[in-house]
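File shown: target_33.txt. Contents: compact mmCIF, C-alpha atoms.
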# COMPACT_ATOMS: atom_id res chain seq x y z
CA MET A 1 0.00 0.00 0.00
CA GLY A 2 2.86 2.31 0.85
CA CYS A 3 0.96 5.48 1.67
CA GLY A 4 0.15 5.35 5.31
CA THR A 5 -1.49 2.99 7.73
CA SER A 6 -2.01 -0.55 6.52
CA GLN A 7 -5.13 -1.16 8.60
CA PRO A 8 -8.57 0.49 8.63
CA VAL A 9 -8.82 3.43 11.01
CA GLN A 10 -10.52 2.20 14.16
CA ALA A 11 -13.27 4.15 15.91
CA GLN A 12 -13.29 3.84 19.69
CA SER A 13 -15.30 5.84 22.17
CA CYS A 14 -13.33 8.45 24.09
CA SER A 15 -12.83 7.21 27.62
CA ASP A 16 -11.30 10.50 28.75
CA PRO A 17 -12.37 13.15 26.24
CA ARG A 18 -10.78 16.55 26.23
CA PRO A 19 -12.92 19.55 27.05
CA ASP A 20 -14.87 20.76 24.01
CA SER A 21 -14.02 17.70 21.85
CA LYS A 22 -17.67 16.94 21.13
CA GLN A 23 -18.39 20.59 20.38
CA LEU A 24 -15.40 20.72 18.04
CA PHE A 25 -16.59 17.58 16.27
CA ASP A 26 -20.08 19.01 15.76
CA ALA A 27 -18.76 22.41 14.65
CA VAL A 28 -16.43 20.94 12.03
CA ALA A 29 -19.04 18.45 10.83
CA ALA A 30 -21.51 21.30 10.39
CA GLY A 31 -18.99 23.58 8.67
CA ASN A 32 -19.45 26.19 11.40
CA VAL A 33 -16.26 28.19 10.87
CA GLN A 34 -16.81 30.65 13.73
CA ALA A 35 -17.40 27.86 16.23
CA VAL A 36 -14.31 25.95 15.04
CA GLU A 37 -12.13 29.05 15.38
CA SER A 38 -13.49 29.77 18.83
CA LEU A 39 -12.90 26.24 20.07
CA LEU A 40 -9.40 26.01 18.59
CA ALA A 41 -8.49 29.35 20.12
CA ARG A 42 -8.85 27.75 23.57
CA HIS A 43 -5.97 25.35 22.89
CA ASP A 44 -2.40 25.73 21.79
CA THR A 45 -2.09 24.42 18.20
CA LYS A 46 1.32 22.81 18.73
CA SER A 47 0.09 21.11 21.89
CA LEU A 48 -2.86 19.69 20.00
CA MET A 49 -0.60 18.42 17.22
CA ASN A 50 1.81 16.85 19.68
CA THR A 51 -0.99 14.86 21.32
CA SER A 52 -2.32 13.51 18.03
CA LYS A 53 -1.24 9.98 19.01
CA PHE A 54 -3.55 10.13 22.02
CA TRP A 55 -6.45 11.26 19.91
CA ARG A 56 -5.76 8.66 17.23
CA ASN A 57 -5.94 5.90 19.81
CA GLU A 58 -8.87 7.18 21.77
CA CYS A 59 -11.19 9.11 19.48
CA TRP A 60 -12.39 9.29 15.90
CA ILE A 61 -9.22 10.77 14.42
CA ILE A 62 -9.11 10.75 10.60
CA GLU A 63 -5.87 11.26 8.74
CA ASP A 64 -5.00 11.02 5.03
CA HIS A 65 -6.22 7.89 3.27
CA GLY A 66 -4.10 4.93 4.31
CA GLY A 67 -4.29 3.25 0.91
CA SER A 68 -5.22 3.71 -2.71
CA VAL A 69 -8.30 5.94 -3.12
CA ASN A 70 -10.65 3.87 -5.25
CA ALA A 71 -13.95 5.76 -5.07
CA VAL A 72 -15.16 9.37 -4.85
CA ALA A 73 -18.66 10.85 -4.97
CA ILE A 74 -19.84 14.45 -4.55
CA SER A 75 -23.31 15.39 -3.37
CA GLU A 76 -25.41 17.01 -6.06
CA ASP A 77 -25.37 20.38 -4.29
CA GLY A 78 -21.59 20.17 -3.90
CA SER A 79 -21.72 20.55 -0.14
CA PHE A 80 -19.85 17.34 0.73
CA ALA A 81 -17.94 14.43 -0.74
CA ILE A 82 -17.36 10.82 0.25
CA SER A 83 -14.22 8.90 -0.63
CA GLY A 84 -13.30 5.25 -0.09
CA ASP A 85 -9.96 3.48 -0.03
CA GLU A 86 -8.34 0.07 -0.18
CA VAL A 87 -8.05 -0.25 3.59
CA ALA A 88 -11.84 -0.16 4.03
CA ASN A 89 -12.25 3.47 5.12
CA LEU A 90 -14.96 5.88 3.95
CA PHE A 91 -14.37 9.55 4.73
CA VAL A 92 -17.02 12.28 4.61
CA ARG A 93 -15.56 15.71 3.82
CA ASP A 94 -17.27 19.08 3.82
CA ARG A 95 -16.60 21.59 1.04
CA THR A 96 -17.13 24.63 3.28
CA PHE A 97 -14.47 23.34 5.63
CA PHE A 98 -12.03 22.74 2.74
CA GLU A 99 -12.48 26.20 1.32
CA ARG A 100 -12.20 27.97 4.67
CA PHE A 101 -8.99 26.29 5.77
CA ARG A 102 -7.32 25.40 2.47
CA GLY A 103 -8.41 28.35 0.38
CA PRO A 104 -10.85 28.24 -2.57
CA THR A 105 -9.19 25.26 -4.23
CA THR A 106 -10.06 21.67 -5.01
CA VAL A 107 -6.67 20.39 -3.84
CA ILE A 108 -7.33 18.65 -0.53
CA SER A 109 -4.66 15.98 -0.37
CA ASP A 110 -2.96 17.50 2.70
CA LEU A 111 -6.16 18.04 4.68
CA TRP A 112 -4.94 16.47 7.89
CA ARG A 113 -1.54 18.20 8.03
CA GLU A 114 -0.17 21.13 10.01
CA GLU A 115 -2.48 23.41 11.99
CA MET A 116 -5.71 21.82 10.81
CA MET A 117 -4.84 18.30 11.93
CA MET A 118 -7.02 18.46 15.01
CA ALA A 119 -9.90 20.30 13.41
CA GLY A 120 -9.81 18.07 10.35
CA ALA A 121 -9.61 14.95 12.47
CA PHE A 122 -13.15 15.33 13.66
CA ARG A 123 -14.75 14.57 10.33
CA PRO A 124 -17.20 11.69 10.14
CA LEU A 125 -15.73 8.29 9.30
CA LEU A 126 -18.06 5.58 8.03
CA LEU A 127 -16.93 2.21 9.34
CA GLY A 128 -18.28 -1.20 8.45
CA HIS A 129 -16.51 -2.71 5.45
CA SER A 130 -13.81 -5.30 6.08
CA ASP A 131 -11.97 -4.93 2.76
CA SER A 132 -11.24 -2.40 0.02
CA VAL A 133 -13.99 0.13 -0.73
CA ASN A 134 -14.21 0.14 -4.52
CA ALA A 135 -17.32 2.20 -5.19
CA VAL A 136 -19.51 4.87 -3.61
CA ALA A 137 -22.59 6.82 -4.74
CA ILE A 138 -24.80 9.51 -3.19
CA SER A 139 -28.51 10.01 -3.86
CA GLY A 140 -29.63 13.19 -5.60
CA ASP A 141 -31.08 14.62 -2.40
CA GLY A 142 -27.94 13.83 -0.40
CA ARG A 143 -29.86 11.75 2.13
CA VAL A 144 -28.45 8.33 1.30
CA ALA A 145 -25.05 6.95 0.30
CA ILE A 146 -24.16 3.44 -0.79
CA SER A 147 -20.74 1.83 -0.91
CA GLY A 148 -19.46 -1.37 -2.52
CA SER A 149 -16.49 -3.40 -1.38
CA ALA A 150 -14.12 -6.27 -2.00
CA ASP A 151 -15.80 -7.87 1.03
CA ASP A 152 -18.64 -8.73 -1.43
CA THR A 153 -21.15 -6.46 0.33
CA LEU A 154 -22.81 -3.11 -0.14
CA LYS A 155 -23.60 -0.82 2.75
CA VAL A 156 -26.33 1.81 2.78
CA TRP A 157 -25.66 4.89 4.91
CA ASP A 158 -28.38 7.16 6.29
CA LEU A 159 -27.00 10.68 5.95
CA THR A 160 -30.06 12.29 7.53
CA VAL A 161 -28.84 11.55 11.04
CA GLY A 162 -26.78 14.25 12.70
CA ALA A 163 -23.37 14.55 11.09
CA SER A 164 -21.68 13.77 14.40
CA GLU A 165 -23.56 10.44 14.49
CA TRP A 166 -22.52 9.21 11.03
CA TYR A 167 -19.54 7.34 12.42
CA GLU A 168 -21.77 5.30 14.72
CA SER A 169 -24.84 4.80 12.54
CA ALA A 170 -25.39 1.14 11.79
CA PRO A 171 -25.62 0.80 8.01
CA HIS A 172 -27.84 -1.62 6.18
CA THR A 173 -25.72 -4.38 4.66
CA LEU A 174 -26.77 -5.79 1.30
CA ARG A 175 -25.53 -9.29 0.49
CA GLY A 176 -25.90 -11.31 -2.68
CA HIS A 177 -22.78 -10.93 -4.79
CA SER A 178 -20.29 -13.80 -4.61
CA ASP A 179 -17.19 -11.78 -5.48
CA TRP A 180 -15.73 -8.26 -5.31
CA ILE A 181 -18.10 -5.38 -5.96
CA ASN A 182 -16.47 -2.95 -8.37
CA SER A 183 -19.17 -0.39 -9.05
CA VAL A 184 -22.43 1.01 -7.74
CA ALA A 185 -24.91 3.64 -8.92
CA ILE A 186 -27.99 5.10 -7.28
CA SER A 187 -31.13 6.60 -8.79
CA GLY A 188 -31.84 10.29 -8.34
CA ASP A 189 -34.56 9.68 -5.76
CA GLY A 190 -32.39 7.30 -3.75
CA ARG A 191 -34.91 4.46 -3.94
CA LEU A 192 -32.99 2.17 -6.27
CA ALA A 193 -29.36 1.10 -6.64
CA ILE A 194 -27.49 -1.17 -9.01
CA SER A 195 -24.13 -2.84 -8.47
CA GLY A 196 -21.59 -4.64 -10.64
CA SER A 197 -19.25 -7.39 -9.52
CA ASP A 198 -16.42 -9.72 -10.43
CA ASP A 199 -19.07 -12.47 -10.28
CA THR A 200 -20.13 -11.16 -13.77
CA THR A 201 -23.59 -10.07 -12.61
CA LEU A 202 -25.37 -6.85 -11.81
CA LYS A 203 -27.84 -6.69 -8.96
CA VAL A 204 -30.72 -4.28 -8.53
CA TRP A 205 -31.52 -3.26 -4.96
CA SER A 206 -34.48 -1.61 -3.30
CA LEU A 207 -33.20 1.04 -0.89
CA THR A 208 -36.57 1.21 0.83
CA LEU A 209 -36.77 -2.52 1.54
CA TYR A 210 -32.98 -3.00 1.65
CA GLU A 211 -33.12 -6.13 -0.43
CA GLU A 212 -32.15 -7.44 -3.85
CA THR A 213 -34.96 -7.27 -6.38
CA HIS A 214 -33.30 -8.61 -9.54
CA THR A 215 -30.07 -10.15 -10.81
CA LEU A 216 -29.05 -9.06 -14.32
CA GLN A 217 -26.98 -11.59 -16.25
CA GLY A 218 -25.40 -11.23 -19.66
CA HIS A 219 -21.76 -10.27 -19.26
CA SER A 220 -19.12 -12.97 -19.59
CA GLY A 221 -16.51 -11.12 -17.55
CA SER A 222 -16.22 -8.98 -14.44
CA VAL A 223 -18.55 -5.99 -14.35
CA ASN A 224 -16.22 -3.05 -13.78
CA ALA A 225 -18.54 -0.08 -14.15
CA VAL A 226 -22.22 0.80 -13.98
CA ALA A 227 -24.21 4.00 -14.40
CA ILE A 228 -27.91 4.66 -13.95
CA SER A 229 -30.15 7.32 -15.47
CA ARG A 230 -31.46 9.96 -13.12
CA ASP A 231 -35.01 8.59 -13.34
CA GLY A 232 -33.81 5.07 -12.56
CA ARG A 233 -35.21 3.59 -15.76
CA VAL A 234 -32.01 2.77 -17.64
CA ALA A 235 -28.61 1.43 -16.60
CA ILE A 236 -25.43 0.84 -18.58
CA SER A 237 -22.68 -1.54 -17.50
CA GLY A 238 -19.10 -2.05 -18.69
CA SER A 239 -17.18 -5.29 -18.45
CA ASN A 240 -13.94 -7.17 -18.95
CA ASP A 241 -15.74 -8.86 -21.86
CA LYS A 242 -15.08 -5.63 -23.85
CA THR A 243 -18.77 -4.70 -24.09
CA LEU A 244 -21.27 -2.32 -22.60
CA LYS A 245 -24.80 -3.48 -21.97
CA VAL A 246 -27.90 -1.32 -21.75
CA TRP A 247 -30.57 -2.46 -19.29
CA ASP A 248 -34.24 -1.49 -19.04
CA LEU A 249 -34.83 -1.34 -15.29
CA THR A 250 -38.59 -1.35 -15.67
CA SER A 251 -38.49 -4.83 -17.21
CA ASN A 252 -35.00 -5.73 -15.92
CA LYS A 253 -34.00 -6.88 -19.39
CA GLU A 254 -30.95 -6.24 -21.52
CA THR A 255 -31.93 -4.10 -24.51
CA HIS A 256 -28.63 -3.45 -26.32
CA THR A 257 -25.00 -4.57 -26.38
CA LEU A 258 -22.52 -1.86 -27.35
CA ARG A 259 -19.28 -3.04 -28.93
CA GLY A 260 -16.18 -1.19 -30.04
CA HIS A 261 -13.68 -1.16 -27.19
CA ALA A 262 -10.54 -3.16 -27.83
CA GLY A 263 -10.20 -4.20 -24.19
CA SER A 264 -11.94 -4.11 -20.84
CA VAL A 265 -14.50 -1.36 -20.27
CA ASN A 266 -13.55 0.18 -16.93
CA ALA A 267 -15.69 3.31 -16.78
CA VAL A 268 -19.12 4.55 -17.86
CA ALA A 269 -21.24 7.62 -17.19
CA ILE A 270 -24.70 8.69 -18.41
CA SER A 271 -25.63 12.31 -19.05
CA ARG A 272 -28.28 13.77 -16.77
CA ASP A 273 -30.86 13.85 -19.60
CA ALA A 274 -29.90 10.28 -20.60
CA SER A 275 -29.29 11.35 -24.20
CA PHE A 276 -25.73 10.03 -24.31
CA ALA A 277 -23.16 8.03 -22.39
CA ILE A 278 -19.36 7.95 -22.24
CA SER A 279 -17.28 4.84 -21.69
CA GLY A 280 -13.57 4.35 -21.12
CA GLY A 281 -11.26 1.42 -21.58
CA ASN A 282 -7.69 1.07 -22.86
CA ASN A 283 -6.61 4.63 -23.67
CA THR A 284 -9.73 5.96 -25.38
CA LEU A 285 -13.19 7.21 -24.48
CA LYS A 286 -16.25 6.60 -26.60
CA VAL A 287 -19.35 8.79 -26.72
CA TRP A 288 -22.57 6.85 -27.35
CA ASP A 289 -25.88 8.21 -28.59
CA LEU A 290 -28.59 6.58 -26.48
CA THR A 291 -31.22 6.87 -29.20
CA SER A 292 -29.33 5.12 -31.96
CA TYR A 293 -26.99 3.23 -29.58
CA LYS A 294 -24.09 4.09 -31.86
CA ALA A 295 -20.66 5.47 -30.96
CA THR A 296 -20.62 9.03 -32.25
CA HIS A 297 -17.19 10.27 -31.12
CA LEU A 298 -13.85 8.87 -30.05
CA LEU A 299 -11.85 10.87 -27.49
CA ARG A 300 -8.10 10.28 -27.58
CA GLY A 301 -5.44 11.72 -25.29
CA HIS A 302 -4.67 9.34 -22.46
CA SER A 303 -1.62 7.12 -22.82
CA ASP A 304 -2.78 4.28 -20.58
CA TRP A 305 -5.91 2.55 -19.29
CA ILE A 306 -8.86 4.77 -18.37
CA ASN A 307 -10.38 3.94 -15.00
CA THR A 308 -13.03 6.57 -14.43
CA VAL A 309 -15.20 9.14 -16.20
CA ALA A 310 -17.73 11.73 -15.04
CA ILE A 311 -20.08 14.10 -16.92
CA SER A 312 -21.12 17.54 -15.71
CA GLY A 313 -24.78 18.20 -14.98
CA ASP A 314 -25.28 20.27 -18.11
CA GLY A 315 -23.62 17.62 -20.29
CA ARG A 316 -21.03 20.02 -21.68
CA VAL A 317 -17.90 18.80 -19.89
CA ALA A 318 -16.42 15.43 -18.96
CA PHE A 319 -13.49 14.46 -16.74
CA SER A 320 -11.55 11.21 -17.09
CA GLY A 321 -8.82 9.60 -15.01
CA SER A 322 -6.21 7.11 -16.12
CA ASP A 323 -3.31 4.86 -15.22
CA ASP A 324 -1.20 7.54 -16.94
CA GLU A 325 -1.59 9.51 -13.66
CA THR A 326 -3.53 12.37 -15.26
CA VAL A 327 -7.04 13.76 -15.27
CA LYS A 328 -8.25 15.10 -18.60
CA VAL A 329 -11.02 17.61 -19.19
CA TRP A 330 -13.11 17.27 -22.35
CA ASP A 331 -15.37 19.79 -24.09
CA LEU A 332 -18.42 17.79 -25.14
CA THR A 333 -19.55 20.40 -27.65
CA SER A 334 -16.34 20.21 -29.69
CA TYR A 335 -15.27 16.76 -28.42
CA LYS A 336 -11.78 18.10 -27.77
CA GLU A 337 -9.48 17.81 -24.79
CA THR A 338 -9.21 21.20 -23.11
CA HIS A 339 -6.94 20.54 -20.14
CA THR A 340 -4.65 17.91 -18.69
CA LEU A 341 -4.47 18.01 -14.91
CA ARG A 342 -1.22 16.66 -13.51
CA GLY A 343 -0.18 16.15 -9.92
CA HIS A 344 -0.98 12.60 -8.96
CA SER A 345 1.93 10.18 -8.67
CA GLY A 346 -0.18 7.07 -9.21
CA SER A 347 -3.08 5.81 -11.29
CA VAL A 348 -6.21 7.98 -11.09
CA ASN A 349 -8.93 5.59 -9.98
CA ALA A 350 -11.89 7.90 -9.42
CA VAL A 351 -13.16 11.31 -10.42
CA ALA A 352 -16.35 13.19 -9.55
CA ILE A 353 -17.79 16.56 -10.62
CA SER A 354 -20.00 18.83 -8.54
CA GLY A 355 -23.51 19.40 -9.84
CA ASP A 356 -22.72 22.94 -11.00
CA ALA A 357 -19.37 21.86 -12.49
CA SER A 358 -17.55 24.42 -10.33
CA PHE A 359 -15.07 21.85 -9.02
CA ALA A 360 -14.02 18.23 -9.35
CA ILE A 361 -12.28 15.76 -7.07
CA SER A 362 -9.97 12.96 -8.14
CA GLY A 363 -8.75 9.98 -6.12
CA SER A 364 -5.56 8.09 -6.83
CA LYS A 365 -3.44 5.07 -6.08
CA ASP A 366 -1.04 7.59 -4.51
CA CYS A 367 -3.51 7.74 -1.60
CA THR A 368 -4.48 11.37 -2.15
CA LEU A 369 -7.48 13.38 -3.21
CA LYS A 370 -7.02 16.47 -5.37
Write-out of the structure in structure tokens:
Amino acid sequence: MGCGTSQPVQAQSCSDPRPDSKQLFDAVAAGNVQAVESLLARHDTKSLMNTSKFWRNECWIIEDHGGSVNAVAISEDGSFAISGDEVANLFVRDRTFFERFRGPTTVISDLWREEMMMAGAFRPLLLGHSDSVNAVAISGDGRVAISGSADDTLKVWDLTVGASEWYESAPHTLRGHSDWINSVAISGDGRLAISGSDDTTLKVWSLTLYEETHTLQGHSGSVNAVAISRDGRVAISGSNDKTLKVWDLTSNKETHTLRGHAGSVNAVAISRDASFAISGGNNTLKVWDLTSYKATHLLRGHSDWINTVAISGDGRVAFSGSDDETVKVWDLTSYKETHTLRGHSGSVNAVAISGDASFAISGSKDCTLK
């Protein structure tokens, strides 16, 4: 792993909490800048930093990801993000907090360093998986999140409880896959989810009943990626079998197989209006018209496998991440690359865009978010 701790961060109740620790937790979780400043002003910053070992052992201290960051999702309103890593941690991070203490930037890889270590430590940590978190999605209203793991389970998180209770909320666990879960998507209303697995199947889940409703079979290889339309009526999956499949979720039937990639399909995203999709595989992206089910454009620029792709809410911009350690920005009106974002020192495994396309977050094998 080589980027930090090799074990999941453990959450233990504070047997001897410092004065104001609970207030500090709540203030940071709520993005209450004035309250955070007031509480921090009561303690010496260096003293707080020097006692970080105590807090790590006794409280809910969160540091940088301890392993490869495999999954990132941003709430539709852009107010928070959730990221998951290979050592089974899920971190919830607040945009207001980032911008106040790191400046108006999307670079957040050093969140837990220097003066903000103590303040940043009291962010919610979602515990429950026992192996790598490979996928995460947030409902359109920001009330529900779902994560998928190499422990073969999905966990559903209720984000309506108080932010300071997220770390101790017991998630619903969804079981049914017989191998690693690689991808998960959630409908806009948060009532339906779909997951893809190394067991070659997709499973449809009711998030009101917390149970599997259908198993979708058709791929002959691992299902690496899945996307769902906002209305929950259509899903598209990408597989090691080099194909994408389109699924009607009202009948739970495969309607189309999309061919054209020369290798595994690792990434797929559907535009908000469900008029087109983008898929990524070896070093190219394909744009698919979802009326004709034909590839209309080929986007070239990456020099290695593409692992992730995201489309802005207005359908005008896409971001992609690759084993070439870059994120590329694409203009979907001209179908041209507009920017290459460098900075990661490992494969880019995940990328997400805020609903208003004002910022994006990428997660990498180098164990950082940017």
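The space separating atom CA of A:Gly196 from atom CA of A:Gly176 comes to 11.2 Å.
Considering the residues A:Ile311, A:Leu125, A:Leu298, A:Ala185 and counting all atoms listed in the file, A:Ser334 has its shortest atom-to-atom contact with A:Leu298.
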- For A:Val69, list every protein, DNA or RNA residue within 7 Å, evaluated using all atoms listed in the file, and leave out those in the same chain fewer than 6 positions away; present the list as a ChimeraX atom specification. /A:84-86,349,363-365,367-368
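Atom to atom, atom CA of A:Glu212 and atom CA of A:Ser195 stand 10.3 Å apart.
With distances restricted to all atoms listed in the file, A:Val223 is the closest residue to A:Asp179 from A:Val144, A:Leu216, A:Val223, A:Ala350.
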- Message: Using all atoms listed in the file for the distances, tell me which of A:Asp248, A:Asp314, A:Asp94, A:Glu76 is nearest to A:Ser275.
- Response: A:Asp314
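Closest to A:Thr257 among A:Phe91, A:Tyr293, A:Tyr335, A:Trp305 is A:Tyr293, based on all atoms listed in the file.
Within a radius of 6 Å around (-11.8, 6.6, -15.9), the polymer residues are A:Ala267, A:Gly280, A:Ile306, A:Asn307, A:Thr308, A:Val309, A:Ser320, A:Gly321, A:Ser322, counting all atoms listed in the file.
For the residues A:Gly67, A:Gly260, A:Gly355, A:Gly315, ranking by smallest atom-to-atom distance to A:Asp141 using all atoms listed in the file places A:Gly355 first.
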Fewer than 4 positions away in the same chain doesn't count, so skip those; otherwise give me all residues within 10 Å of stretch 197-199 of chain A, counting only C-alpha atoms, as a CSV table (one decimal) with C-alpha atoms, in the coordinates of the input.
chain,number,residue,atom,x,y,z
A,148,GLY,CA,-19.5,-1.4,-2.5
A,149,SER,CA,-16.5,-3.4,-1.4
A,150,ALA,CA,-14.1,-6.3,-2.0
A,152,ASP,CA,-18.6,-8.7,-1.4
A,177,HIS,CA,-22.8,-10.9,-4.8
A,178,SER,CA,-20.3,-13.8,-4.6
A,179,ASP,CA,-17.2,-11.8,-5.5
A,180,TRP,CA,-15.7,-8.3,-5.3
A,181,ILE,CA,-18.1,-5.4,-6.0
A,182,ASN,CA,-16.5,-3.0,-8.4
A,183,SER,CA,-19.2,-0.4,-9.0
A,184,VAL,CA,-22.4,1.0,-7.7
A,203,LYS,CA,-27.8,-6.7,-9.0
A,217,GLN,CA,-27.0,-11.6,-16.2
A,219,HIS,CA,-21.8,-10.3,-19.3
A,220,SER,CA,-19.1,-13.0,-19.6
A,221,GLY,CA,-16.5,-11.1,-17.6
A,222,SER,CA,-16.2,-9.0,-14.4
A,223,VAL,CA,-18.6,-6.0,-14.4
A,224,ASN,CA,-16.2,-3.0,-13.8
A,225,ALA,CA,-18.5,-0.1,-14.2
A,226,VAL,CA,-22.2,0.8,-14.0
A,239,SER,CA,-17.2,-5.3,-18.4
A,240,ASN,CA,-13.9,-7.2,-19.0
- Of A:Leu192, A:Ala360, A:Val156, A:Ala274, the one sitting nearest A:Arg175 when using all atoms listed in the file is A:Val156
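Coordinates place atom CA of A:Val317 at a distance of 18.5 Å from atom CA of A:Asn283.
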- Might you pull out every residue within 10 Å of A:Arg300, with all atoms listed in the file counted and same-chain residues fewer than 6 positions away left off, and present them as a PyMOL selection string? chain A and resi 283-286+335-337
- Task: Considering only C-alpha atoms, return as a VMD selection string whatever protein or nucleic-acid residues lie within 7 Å of A:Asp151, sequence-local ones (same chain, fewer than 3 positions apart) excluded.
- Result: chain A and resid 129 to 131 180
Around stretch 222-239 of chain A, with edges along x, y and z and 3 Å added on all six sides, what centre and edge lengths do you get, in Å to one decimal, as JSON?
{"center_x": -25.7, "center_y": 0.5, "center_z": -15.6, "size_x": 25.0, "size_y": 24.9, "size_z": 12.1}
- May I have the residues within 8 Å of A:Ile353 as a count of residues only, using all atoms listed in the file and disregarding those fewer than 4 positions away in the same chain? 10
